[in-house]
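Data file: data.csv. Format and content: CSV, C-alpha atoms.
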chain,number,residue,atom,x,y,z
A,1,MET,CA,140.1,80.9,106.7
A,2,ASP,CA,141.5,84.4,105.9
A,3,ILE,CA,139.1,86.4,108.2
A,4,SER,CA,140.6,89.8,107.1
A,5,LYS,CA,139.8,89.1,103.4
A,6,LEU,CA,136.4,87.9,104.4
A,7,TYR,CA,135.9,91.1,106.3
A,8,GLN,CA,136.9,93.2,103.4
A,9,ASP,CA,134.7,91.4,100.9
A,10,MET,CA,131.7,91.0,103.0
A,11,GLN,CA,131.7,93.8,105.6
A,12,ASN,CA,128.1,94.8,104.6
A,13,ASN,CA,126.9,91.2,104.3
A,14,ILE,CA,125.0,89.5,107.1
A,15,LEU,CA,125.2,86.0,108.6
A,16,HIS,CA,122.6,83.6,107.2
A,17,ILE,CA,122.0,80.2,108.7
A,18,PHE,CA,120.6,77.7,106.1
A,19,SER,CA,117.0,76.7,106.9
A,20,ASN,CA,117.9,73.0,106.6
A,21,ILE,CA,120.0,73.4,109.8
A,22,ILE,CA,118.1,72.7,113.0
A,23,PHE,CA,119.6,73.4,116.4
A,24,SER,CA,118.5,71.0,119.2
A,25,LYS,CA,119.7,72.6,122.4
A,26,GLY,CA,120.0,70.4,125.5
A,27,TYR,CA,121.0,71.0,129.1
A,28,CYS,CA,124.7,70.5,128.6
A,29,CYS,CA,125.2,70.8,124.8
A,30,THR,CA,123.6,71.1,121.4
A,31,ILE,CA,123.4,68.9,118.4
A,32,ILE,CA,123.2,70.7,115.1
A,33,ILE,CA,121.1,68.6,112.7
A,34,ASP,CA,121.9,69.0,109.0
A,35,THR,CA,118.8,67.6,107.4
A,36,GLN,CA,120.2,68.0,103.8
A,37,HIS,CA,123.4,66.0,104.4
A,38,LYS,CA,121.8,63.8,107.1
A,39,LYS,CA,124.4,64.3,109.7
A,40,THR,CA,124.8,66.0,113.1
A,41,HIS,CA,127.5,68.1,114.9
A,42,SER,CA,127.8,68.3,118.7
A,43,VAL,CA,128.7,71.8,119.9
A,44,PRO,CA,128.7,73.6,123.2
A,45,ASN,CA,125.5,75.6,124.1
A,46,SER,CA,127.6,78.7,124.0
A,47,PHE,CA,127.9,78.2,120.2
A,48,THR,CA,124.2,78.0,119.9
A,49,ASP,CA,123.8,81.2,121.9
A,50,PHE,CA,126.3,82.9,119.7
A,51,VAL,CA,124.4,81.9,116.5
A,52,ASN,CA,121.1,83.1,118.0
A,53,GLU,CA,122.6,86.5,118.8
A,54,THR,CA,124.5,87.0,115.6
A,55,GLU,CA,122.3,85.6,112.8
A,56,ASN,CA,121.3,88.5,110.5
A,57,CYS,CA,124.1,90.6,111.8
A,58,SER,CA,127.0,91.9,109.7
A,59,LEU,CA,130.6,90.8,110.4
A,60,GLU,CA,131.5,94.3,111.6
A,61,ASP,CA,128.5,94.3,114.0
A,62,ILE,CA,129.5,90.9,115.3
A,63,TYR,CA,133.0,91.9,116.0
A,64,GLN,CA,131.7,94.9,117.9
A,65,LYS,CA,129.4,92.7,120.0
A,66,PHE,CA,132.4,90.5,121.0
A,67,PRO,CA,135.4,92.9,121.0
A,68,HIS,CA,137.4,90.7,123.4
A,69,ASN,CA,136.7,87.3,121.8
A,70,LYS,CA,137.8,87.8,118.2
A,71,GLU,CA,139.8,84.6,118.1
A,72,ILE,CA,136.8,82.5,119.3
A,73,VAL,CA,134.5,84.4,116.9
A,74,ASP,CA,136.8,83.5,114.0
A,75,GLU,CA,136.8,79.9,115.1
A,76,TYR,CA,133.0,79.8,115.1
A,77,PHE,CA,132.8,81.4,111.6
A,78,ASP,CA,135.3,78.8,110.4
A,79,PHE,CA,133.2,76.0,111.8
A,80,ILE,CA,130.0,77.5,110.3
A,81,THR,CA,131.3,77.9,106.8
A,82,GLN,CA,133.3,74.6,106.6
A,83,ASN,CA,130.3,72.6,107.7
A,84,SER,CA,127.8,74.4,105.4
A,85,ILE,CA,125.8,75.7,108.4
A,86,GLY,CA,125.6,79.2,107.2
A,87,VAL,CA,127.3,81.9,105.1
A,88,PHE,CA,127.6,85.7,104.8
A,89,LEU,CA,125.3,87.1,102.1
A,90,THR,CA,123.6,90.3,101.1
A,91,LYS,CA,119.9,90.7,102.0
A,92,LEU,CA,119.0,90.3,98.3
A,93,GLU,CA,120.9,87.0,98.1
A,94,ILE,CA,119.2,85.7,101.2
A,95,GLU,CA,115.8,86.4,99.7
A,96,ASN,CA,116.7,84.0,96.8
A,97,PHE,CA,117.0,81.1,99.3
A,98,ALA,CA,113.7,79.2,99.6
A,99,LYS,CA,113.0,78.8,103.3
A,100,MET,CA,112.5,75.1,104.3
A,101,SER,CA,109.2,74.6,106.0
A,102,HIS,CA,109.3,72.9,109.3
A,103,ASP,CA,105.6,71.9,109.1
A,104,TYR,CA,104.7,68.2,109.0
A,105,PHE,CA,102.0,66.8,106.8
A,106,SER,CA,101.0,63.2,106.4
A,107,PRO,CA,98.6,62.1,103.6
A,108,TYR,CA,97.8,58.8,105.3
A,109,HIS,CA,95.0,57.9,107.6
A,110,PHE,CA,97.5,55.7,109.3
A,111,GLU,CA,101.2,56.2,108.6
A,112,ASN,CA,102.1,52.7,109.7
A,113,ALA,CA,100.5,49.4,110.8
A,114,ILE,CA,101.7,46.4,112.7
A,115,VAL,CA,100.0,43.1,112.2
A,116,ASP,CA,100.8,40.0,114.3
A,117,VAL,CA,100.4,36.6,112.7
A,118,ARG,CA,100.4,33.3,114.6
A,119,ASN,CA,99.2,31.0,111.8
A,120,TYR,CA,99.1,32.4,108.3
A,121,SER,CA,95.6,32.0,106.9
A,122,SER,CA,93.0,33.7,104.7
A,123,ASN,CA,92.2,35.8,107.7
A,124,THR,CA,95.7,37.2,107.6
A,125,GLU,CA,95.4,38.1,104.0
A,126,LYS,CA,92.0,39.7,104.7
A,127,ILE,CA,93.4,41.8,107.5
A,128,ILE,CA,96.4,43.0,105.3
A,129,SER,CA,94.1,43.8,102.3
A,130,LYS,CA,91.7,45.6,104.5
A,131,ILE,CA,94.5,47.7,106.1
A,132,ASP,CA,95.6,48.6,102.6
A,133,GLU,CA,92.2,50.0,101.8
A,134,LEU,CA,92.5,52.4,104.8
A,135,ASN,CA,95.3,54.4,103.1
A,136,VAL,CA,98.3,53.2,105.1
A,137,GLY,CA,101.9,54.0,104.0
A,138,TYR,CA,103.9,51.3,105.8
A,139,ILE,CA,103.1,47.8,107.2
A,140,GLN,CA,105.1,45.5,109.4
A,141,VAL,CA,104.1,41.8,109.6
A,142,ARG,CA,105.3,40.0,112.7
A,143,PHE,CA,105.2,36.2,112.8
A,144,LEU,CA,104.8,35.0,116.4
A,145,GLU,CA,105.6,31.4,115.6
A,146,HIS,CA,107.1,29.3,112.9
A,147,CYS,CA,106.9,30.9,109.5
A,148,ALA,CA,106.8,28.6,106.5
A,149,GLN,CA,108.7,29.7,103.4
A,150,ALA,CA,105.6,29.4,101.4
A,151,ASP,CA,103.7,31.7,103.7
A,152,LEU,CA,106.4,34.3,103.6
A,153,LYS,CA,106.3,34.2,99.8
A,154,LYS,CA,102.5,34.5,99.8
A,155,CYS,CA,102.6,37.5,102.1
A,156,LEU,CA,105.4,39.2,100.1
A,157,SER,CA,103.5,38.7,96.9
A,158,LEU,CA,100.2,40.0,98.4
A,159,ILE,CA,101.8,43.2,99.7
A,160,ASN,CA,103.7,43.6,96.4
A,161,HIS,CA,100.4,44.0,94.6
A,162,LEU,CA,98.8,46.4,97.2
A,163,SER,CA,99.4,50.1,97.6
A,164,PHE,CA,101.7,50.2,100.6
A,165,GLU,CA,104.8,52.2,100.0
A,166,PHE,CA,107.0,49.9,102.2
A,167,CYS,CA,106.8,46.8,104.3
A,168,SER,CA,109.0,44.9,106.7
A,169,PHE,CA,108.8,41.5,108.4
A,170,VAL,CA,109.7,40.1,111.8
A,171,LEU,CA,110.3,36.4,111.8
A,172,PRO,CA,111.5,33.6,114.1
A,173,TYR,CA,114.7,32.0,113.2
A,174,ASN,CA,114.5,29.1,110.8
A,175,PRO,CA,117.8,27.7,109.4
A,176,SER,CA,116.2,27.1,106.0
A,177,LEU,CA,114.0,30.2,105.8
A,178,LEU,CA,116.4,32.4,103.8
A,179,SER,CA,118.3,29.6,102.2
A,180,VAL,CA,118.7,28.9,98.5
A,181,GLY,CA,116.7,25.9,97.5
A,182,GLU,CA,113.4,24.6,96.3
A,183,ASP,CA,111.5,25.6,99.5
A,184,GLY,CA,113.7,28.4,100.8
A,185,VAL,CA,113.5,32.2,100.1
A,186,SER,CA,116.8,33.2,98.7
A,187,THR,CA,118.0,36.8,99.3
A,188,GLU,CA,118.3,37.1,95.5
A,189,GLU,CA,114.5,36.9,95.4
A,190,PHE,CA,114.3,40.1,97.4
A,191,ALA,CA,114.9,42.0,94.2
A,192,ASN,CA,111.4,40.9,93.1
A,193,TYR,CA,109.8,42.7,96.1
A,194,PRO,CA,110.6,46.4,95.7
A,195,LYS,CA,108.4,47.4,98.7
A,196,LEU,CA,110.3,45.2,101.1
A,197,ASP,CA,112.4,47.4,103.4
A,198,SER,CA,113.8,45.0,106.0
A,199,ILE,CA,113.5,41.6,107.7
A,200,THR,CA,114.2,41.0,111.3
A,201,ILE,CA,115.1,37.5,112.4
A,202,TYR,CA,114.8,36.9,116.1
A,203,ASN,CA,115.9,34.0,118.2
A,204,HIS,CA,119.0,33.8,116.0
A,205,PRO,CA,122.4,32.4,117.2
A,206,ASP,CA,124.1,35.7,116.3
A,207,ASP,CA,123.5,39.5,116.4
A,208,LYS,CA,124.4,41.0,113.1
A,209,ILE,CA,123.1,43.2,110.3
A,210,GLU,CA,123.4,42.4,106.6
A,211,HIS,CA,122.4,44.2,103.4
A,212,ASP,CA,121.3,42.3,100.3
A,213,TYR,CA,119.7,43.8,97.2
A,214,LEU,CA,119.0,47.1,99.0
A,215,LYS,CA,117.2,45.3,101.8
A,216,THR,CA,118.3,45.2,105.4
A,217,ILE,CA,118.4,41.9,107.3
A,218,ILE,CA,118.7,42.2,111.0
A,219,TYR,CA,119.6,39.1,113.1
A,220,THR,CA,119.0,39.3,116.8
A,221,SER,CA,119.6,36.7,119.5
A,222,LEU,CA,116.6,38.0,121.5
A,223,LYS,CA,114.3,35.0,122.1
A,224,ASP,CA,110.9,36.7,122.2
A,225,ILE,CA,109.4,39.0,119.5
A,226,ARG,CA,107.9,41.1,122.3
A,227,LYS,CA,111.4,42.0,123.5
A,228,THR,CA,113.0,43.0,120.1
A,229,GLY,CA,114.1,46.5,121.2
A,230,CYS,CA,110.7,48.3,121.4
A,231,GLY,CA,111.0,51.3,123.5
A,232,ALA,CA,114.8,51.1,123.7
A,233,VAL,CA,116.8,54.4,123.4
A,234,GLN,CA,120.1,53.8,121.7
A,235,LYS,CA,122.4,55.8,119.4
A,236,GLU,CA,121.9,53.1,116.7
A,237,TYR,CA,118.2,54.0,116.6
A,238,PHE,CA,118.7,57.7,116.1
A,239,SER,CA,117.5,59.1,112.8
A,240,VAL,CA,118.4,62.3,111.0
A,241,ASP,CA,115.9,61.8,108.2
A,242,THR,CA,114.1,65.0,107.5
A,243,LYS,CA,110.6,63.4,107.8
A,244,HIS,CA,111.6,62.0,111.3
A,245,ILE,CA,113.0,65.4,112.5
A,246,LEU,CA,109.9,67.3,111.4
A,247,GLN,CA,107.6,64.7,112.9
A,248,SER,CA,109.6,65.0,116.2
A,249,ILE,CA,108.9,68.7,116.3
A,250,HIS,CA,105.1,68.3,116.1
A,251,PHE,CA,104.2,64.7,117.0
A,252,ASN,CA,105.2,61.5,118.8
A,253,THR,CA,107.7,59.7,116.6
A,254,CYS,CA,106.6,56.2,117.5
A,255,LEU,CA,102.8,56.4,117.9
A,256,TYR,CA,101.7,59.1,115.5
A,257,LYS,CA,99.1,57.6,113.2
A,258,LYS,CA,100.0,54.1,114.1
A,259,ILE,CA,97.6,51.2,114.3
A,260,TYR,CA,98.2,47.7,115.6
A,261,VAL,CA,96.1,44.6,114.8
A,262,SER,CA,96.8,41.5,116.9
A,263,GLU,CA,96.6,37.9,115.6
A,264,SER,CA,93.0,37.7,116.8
A,265,GLY,CA,92.1,41.1,115.3
A,266,ILE,CA,92.2,43.3,118.4
A,267,ILE,CA,93.0,47.0,117.6
A,268,LYS,CA,95.4,49.0,119.7
A,269,ASN,CA,97.8,51.9,119.4
A,270,CYS,CA,100.7,49.5,119.4
A,271,PRO,CA,101.4,45.9,120.5
A,272,TYR,CA,102.3,47.0,124.1
A,273,SER,CA,99.3,49.3,124.7
A,274,MET,CA,96.7,48.3,127.2
A,275,LEU,CA,93.6,49.9,125.7
A,276,GLU,CA,91.7,48.0,123.0
A,277,TYR,CA,89.4,49.6,120.3
A,278,GLY,CA,87.4,46.7,118.9
A,279,ASN,CA,88.1,43.8,116.6
A,280,PHE,CA,89.4,44.7,113.2
A,281,LEU,CA,87.6,41.8,111.5
A,282,ASP,CA,84.2,42.8,112.8
A,283,LEU,CA,84.5,46.5,111.9
A,284,SER,CA,83.8,48.2,108.5
A,285,ASN,CA,86.5,50.5,107.1
A,286,SER,CA,84.5,53.6,108.1
A,287,GLU,CA,84.2,52.2,111.7
A,288,VAL,CA,87.9,51.7,111.8
A,289,LEU,CA,88.5,55.2,110.6
A,290,LYS,CA,86.2,56.5,113.3
A,291,ILE,CA,88.9,55.4,115.8
A,292,THR,CA,91.0,58.3,114.6
A,293,LYS,CA,88.4,60.6,116.2
A,294,ASN,CA,88.7,58.9,119.5
A,295,LYS,CA,90.6,61.2,121.8
A,296,LYS,CA,92.0,58.3,123.9
A,297,PHE,CA,93.4,56.7,120.8
A,298,THR,CA,94.9,59.9,119.3
A,299,HIS,CA,96.1,61.4,122.5
A,300,LEU,CA,99.4,59.5,122.3
A,301,TRP,CA,100.0,60.8,118.8
A,302,HIS,CA,100.5,64.4,120.0
A,303,ILE,CA,102.9,63.8,122.9
A,304,LYS,CA,106.2,65.1,121.6
A,305,LYS,CA,109.7,65.0,123.2
A,306,ASP,CA,109.5,68.6,124.2
A,307,GLU,CA,106.7,67.6,126.6
A,308,ILE,CA,108.4,64.6,128.2
A,309,GLU,CA,110.3,64.7,131.5
A,310,VAL,CA,114.1,64.7,131.0
A,311,CYS,CA,113.7,64.3,127.2
A,312,LYS,CA,112.8,68.0,127.0
A,313,ASP,CA,116.3,68.7,128.4
A,314,CYS,CA,118.1,66.3,126.0
A,315,GLU,CA,120.0,67.4,122.9
A,316,PHE,CA,119.0,64.2,121.1
A,317,ARG,CA,115.3,64.6,121.5
A,318,LEU,CA,114.6,65.4,117.8
A,319,VAL,CA,116.6,62.4,116.4
A,320,CYS,CA,115.3,60.0,119.1
A,321,THR,CA,112.2,57.9,119.0
A,322,ASP,CA,109.6,57.6,121.8
A,323,CYS,CA,107.3,54.9,123.0
A,324,ARG,CA,104.8,55.9,125.7
A,325,CYS,CA,104.3,52.2,126.6
A,326,PHE,CA,107.6,51.9,128.4
A,327,ILE,CA,107.9,54.8,130.8
A,328,LYS,CA,109.4,55.1,134.3
A,329,ALA,CA,106.1,56.2,136.0
A,330,PRO,CA,103.1,54.5,134.3
A,331,GLN,CA,100.7,56.8,136.1
A,332,ASN,CA,102.4,59.8,134.4
A,333,ILE,CA,102.0,59.7,130.6
A,334,HIS,CA,104.8,62.4,130.3
A,335,SER,CA,107.3,60.3,132.2
A,336,GLN,CA,110.8,59.6,130.9
A,337,PRO,CA,111.2,56.4,128.8
A,338,SER,CA,112.2,53.5,131.1
A,339,LYS,CA,114.6,52.1,128.6
A,340,CYS,CA,116.7,55.2,128.2
A,341,PHE,CA,120.1,55.1,129.8
A,342,TYR,CA,121.4,58.5,128.7
A,343,ASN,CA,121.7,61.4,131.2
A,344,PRO,CA,121.4,64.7,129.4
A,345,TYR,CA,122.3,66.6,132.6
A,346,ILE,CA,125.9,65.3,132.4
A,347,ALA,CA,126.0,64.2,128.7
A,348,ARG,CA,126.9,60.6,129.6
A,349,TRP,CA,125.6,57.2,128.5
A,350,LYS,CA,125.4,54.4,131.0
A,351,GLY,CA,128.7,52.6,131.0
A,352,GLU,CA,130.8,55.7,130.2
A,353,GLU,CA,133.2,57.0,132.7
A,354,GLY,CA,131.6,59.3,135.2
A,355,TYR,CA,128.1,58.3,134.5
A,356,VAL,CA,125.4,58.8,137.2
A,357,SER,CA,121.7,58.1,136.7
A,358,VAL,CA,119.1,60.8,136.1
A,359,GLU,CA,117.6,59.9,139.4
A,360,ASP,CA,120.9,61.1,141.1
A,361,CYS,CA,120.5,64.5,139.4
A,362,GLY,CA,117.1,65.5,140.8
A,363,SER,CA,113.9,64.3,142.4
A,364,TYR,CA,110.5,63.2,141.4
A,365,SER,CA,107.3,64.9,142.4
A,366,LYS,CA,103.7,63.7,141.8
A,367,GLU,CA,102.7,67.3,141.0
A,368,SER,CA,105.7,68.4,138.9
A,369,GLY,CA,107.3,65.3,137.7
A,370,PHE,CA,111.1,65.2,137.5
A,371,ILE,CA,112.8,68.3,139.0
A,372,PRO,CA,116.5,68.7,138.2
A,373,ASN,CA,118.8,69.6,141.1
A,374,HIS,CA,120.8,72.3,139.4
A,375,LYS,CA,123.3,72.7,142.2
A,376,LYS,CA,124.0,69.0,142.4
A,377,ILE,CA,124.3,68.7,138.6
A,378,ALA,CA,126.8,71.6,138.6
A,379,GLU,CA,128.9,69.8,141.2
A,380,ILE,CA,128.8,66.5,139.2
A,381,ASN,CA,129.8,68.3,136.0
A,382,LYS,CA,132.6,70.2,137.7
A,383,GLN,CA,134.0,66.9,138.8
A,384,LEU,CA,133.6,65.3,135.4
A,385,TRP,CA,135.1,68.1,133.3
A,386,GLU,CA,137.8,69.2,135.7
A,387,SER,CA,139.1,65.7,136.6

Represent the structure contained in this file as structure tokens.
Amino acid sequence: MDISKLYQDMQNNILHIFSNIIFSKGYCCTIIIDTQHKKTHSVPNSFTDFVNETENCSLEDIYQKFPHNKEIVDEYFDFITQNSIGVFLTKLEIENFAKMSHDYFSPYHFENAIVDVRNYSSNTEKIISKIDELNVGYIQVRFLEHCAQADLKKCLSLINHLSFEFCSFVLPYNPSLLSVGEDGVSTEEFANYPKLDSITIYNHPDDKIEHDYLKTIIYTSLKDIRKTGCGAVQKEYFSVDTKHILQSIHFNTCLYKKIYVSESGIIKNCPYSMLEYGNFLDLSNSEVLKITKNKKFTHLWHIKKDEIEVCKDCEFRLVCTDCRCFIKAPQNIHSQPSKCFYNPYIARWKGEEGYVSVEDCGSYSKESGFIPNHKKIAEINKQLWES
């Protein structure tokens, strides 16, 4: 970048950061979330501080703010413009940019529903049809035992004619289930089910992911449906989808407007919740909707990452998911997820060189929760980055 020419052309312009760019600052570093291009950039926190201090400032003013760091300032500008994070514009030009709202609105009574099935029956179809009447956007059907090909086809056809936007299935491994044949369900048939988003096959010999006809098929060797990754925090589960990011800012990304119905009809927040809220088959639609006014049921909807111990110090908090059913201290609803093995205080995942656990970076208190030991963290980071 020719900074001198930029200075001549735009000395009266001011730095504008595009509103589709969201900075998620953590203890050690920041991730810049580009919601338009669905990608992230990892940057030092000093870069975030620089942007916060210089946005809406002219190039001339910025150079005056940092008279001894011109080379670093030029590098930052180069990074900002090359990655479409921001640009220098006149005030009039900036006014022509529509500002992206960071509000989150859901038109559904329940955004997603999980239904467990042990033996597919008319009751299963009744539950699915009744859920559809409640204004639900997405449904996941989990088969706890053998799923016959005919039952899978019936269920797919039923959902195809209902108003759900998307659906997914979790099924036990059956060698002939997705085979081509008179009784099998061939992957070519997926094209006939536009609402089908994904199928997860558990208890499979291999771990792999395939894509057929715009559908995702996930094969996992995990034996039990109840252990298929729920509550796990991994990079592979991160999402830079705009809806997910905005939901993260305001609500819980796993439990917000979620309803679970067990194979016997029991209603919970999710399959792993302890509290029950009646039997779905015994309640009218209006009675089910009254559950959304129950503060115990909806409390989990509103616990966002910024309120959770350790997570609030993590740069990944807006792209991550959060399940309040798997937490380190069950008596503390704001406790860190128990299946998270990332330490934001040293920016290391378990298994990476130099990793130490979160517990080694602070202490727990019944009154205050996790308290970082900043002196100890500084010593650990010094060893990590200077070695």

**Message:** Please list, as a PyMOL selection string, the residues that have an atom at most 12 Å away from (90.4, 59.1, 119.0) in the coordinates of this file, counting only C-alpha atoms.
**Reply:** chain A and resi 256-259+268-269+275-277+287-302

Every residue with an atom at most 12 Å from (125.6, 89.4, 117.4) (file coordinates; only C-alpha atoms) is what I'm after, so could you write them as a compact mmCIF listing (two decimals) with C-alpha atoms, in the coordinates of the input?
# COMPACT_ATOMS: atom_id res chain seq x y z
CA ILE A 14 125.00 89.50 107.10
CA LEU A 15 125.20 86.00 108.60
CA PHE A 47 127.90 78.20 120.20
CA THR A 48 124.20 78.00 119.90
CA ASP A 49 123.80 81.20 121.90
CA PHE A 50 126.30 82.90 119.70
CA VAL A 51 124.40 81.90 116.50
CA ASN A 52 121.10 83.10 118.00
CA GLU A 53 122.60 86.50 118.80
CA THR A 54 124.50 87.00 115.60
CA GLU A 55 122.30 85.60 112.80
CA ASN A 56 121.30 88.50 110.50
CA CYS A 57 124.10 90.60 111.80
CA SER A 58 127.00 91.90 109.70
CA LEU A 59 130.60 90.80 110.40
CA GLU A 60 131.50 94.30 111.60
CA ASP A 61 128.50 94.30 114.00
CA ILE A 62 129.50 90.90 115.30
CA TYR A 63 133.00 91.90 116.00
CA GLN A 64 131.70 94.90 117.90
CA LYS A 65 129.40 92.70 120.00
CA PHE A 66 132.40 90.50 121.00
CA PRO A 67 135.40 92.90 121.00
CA VAL A 73 134.50 84.40 116.90

**Request:** Can you pull out every residue within 12 Å of Ile80 in chain A, counting all atoms listed in the file, but drop anything in the same chain fewer than 3 positions away, and send it as a PyMOL selection string?
**Result:** chain A and resi 1+15-18+21+32+34+41+43+47-48+50-51+55+73-77+83-88

Any chance you could export the current selection's C-alpha atoms as a compact mmCIF listing (two decimals), in the frame of the given file?
# COMPACT_ATOMS: atom_id res chain seq x y z
CA MET A 1 140.10 80.90 106.70
CA LEU A 15 125.20 86.00 108.60
CA HIS A 16 122.60 83.60 107.20
CA ILE A 17 122.00 80.20 108.70
CA PHE A 18 120.60 77.70 106.10
CA ILE A 21 120.00 73.40 109.80
CA ILE A 32 123.20 70.70 115.10
CA ASP A 34 121.90 69.00 109.00
CA HIS A 41 127.50 68.10 114.90
CA VAL A 43 128.70 71.80 119.90
CA PHE A 47 127.90 78.20 120.20
CA THR A 48 124.20 78.00 119.90
CA PHE A 50 126.30 82.90 119.70
CA VAL A 51 124.40 81.90 116.50
CA GLU A 55 122.30 85.60 112.80
CA VAL A 73 134.50 84.40 116.90
CA ASP A 74 136.80 83.50 114.00
CA GLU A 75 136.80 79.90 115.10
CA TYR A 76 133.00 79.80 115.10
CA PHE A 77 132.80 81.40 111.60
CA ASN A 83 130.30 72.60 107.70
CA SER A 84 127.80 74.40 105.40
CA ILE A 85 125.80 75.70 108.40
CA GLY A 86 125.60 79.20 107.20
CA VAL A 87 127.30 81.90 105.10
CA PHE A 88 127.60 85.70 104.80

**Item:** Shell of 12 Å around Asp116 in chain A, all atoms listed in the file, local chain residues under 2 positions omitted, as a ChimeraX atom specification
**Value:** /A:113-114,118-120,123-125,127-128,139-145,147,169-171,225-226,259-268,270-271

Please produce an output containing C-alpha atoms for each residue in the selection, written as a PDB file, keeping the file's coordinate frame.
ATOM      1  CA  ALA A 113     100.500  49.400 110.800  1.00  0.00           C
ATOM      2  CA  ILE A 114     101.700  46.400 112.700  1.00  0.00           C
ATOM      3  CA  ARG A 118     100.400  33.300 114.600  1.00  0.00           C
ATOM      4  CA  ASN A 119      99.200  31.000 111.800  1.00  0.00           C
ATOM      5  CA  TYR A 120      99.100  32.400 108.300  1.00  0.00           C
ATOM      6  CA  ASN A 123      92.200  35.800 107.700  1.00  0.00           C
ATOM      7  CA  THR A 124      95.700  37.200 107.600  1.00  0.00           C
ATOM      8  CA  GLU A 125      95.400  38.100 104.000  1.00  0.00           C
ATOM      9  CA  ILE A 127      93.400  41.800 107.500  1.00  0.00           C
ATOM     10  CA  ILE A 128      96.400  43.000 105.300  1.00  0.00           C
ATOM     11  CA  ILE A 139     103.100  47.800 107.200  1.00  0.00           C
ATOM     12  CA  GLN A 140     105.100  45.500 109.400  1.00  0.00           C
ATOM     13  CA  VAL A 141     104.100  41.800 109.600  1.00  0.00           C
ATOM     14  CA  ARG A 142     105.300  40.000 112.700  1.00  0.00           C
ATOM     15  CA  PHE A 143     105.200  36.200 112.800  1.00  0.00           C
ATOM     16  CA  LEU A 144     104.800  35.000 116.400  1.00  0.00           C
ATOM     17  CA  GLU A 145     105.600  31.400 115.600  1.00  0.00           C
ATOM     18  CA  CYS A 147     106.900  30.900 109.500  1.00  0.00           C
ATOM     19  CA  PHE A 169     108.800  41.500 108.400  1.00  0.00           C
ATOM     20  CA  VAL A 170     109.700  40.100 111.800  1.00  0.00           C
ATOM     21  CA  LEU A 171     110.300  36.400 111.800  1.00  0.00           C
ATOM     22  CA  ILE A 225     109.400  39.000 119.500  1.00  0.00           C
ATOM     23  CA  ARG A 226     107.900  41.100 122.300  1.00  0.00           C
ATOM     24  CA  ILE A 259      97.600  51.200 114.300  1.00  0.00           C
ATOM     25  CA  TYR A 260      98.200  47.700 115.600  1.00  0.00           C
ATOM     26  CA  VAL A 261      96.100  44.600 114.800  1.00  0.00           C
ATOM     27  CA  SER A 262      96.800  41.500 116.900  1.00  0.00           C
ATOM     28  CA  GLU A 263      96.600  37.900 115.600  1.00  0.00           C
ATOM     29  CA  SER A 264      93.000  37.700 116.800  1.00  0.00           C
ATOM     30  CA  GLY A 265      92.100  41.100 115.300  1.00  0.00           C
ATOM     31  CA  ILE A 266      92.200  43.300 118.400  1.00  0.00           C
ATOM     32  CA  ILE A 267      93.000  47.000 117.600  1.00  0.00           C
ATOM     33  CA  LYS A 268      95.400  49.000 119.700  1.00  0.00           C
ATOM     34  CA  CYS A 270     100.700  49.500 119.400  1.00  0.00           C
ATOM     35  CA  PRO A 271     101.400  45.900 120.500  1.00  0.00           C
TER      36      PRO A 271
END

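For the set A:Ile377, A:Ile22, A:Ile217, A:Ile308, the residue with the smallest atom-to-atom gap to Ala329 in chain A is A:Ile308, counting all atoms listed in the file.
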
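The closest residue to Tyr108 in chain A, picked from A:Ile94, A:Ile131, A:Cys320, A:Leu89 and counting only C-alpha atoms, is A:Ile131.
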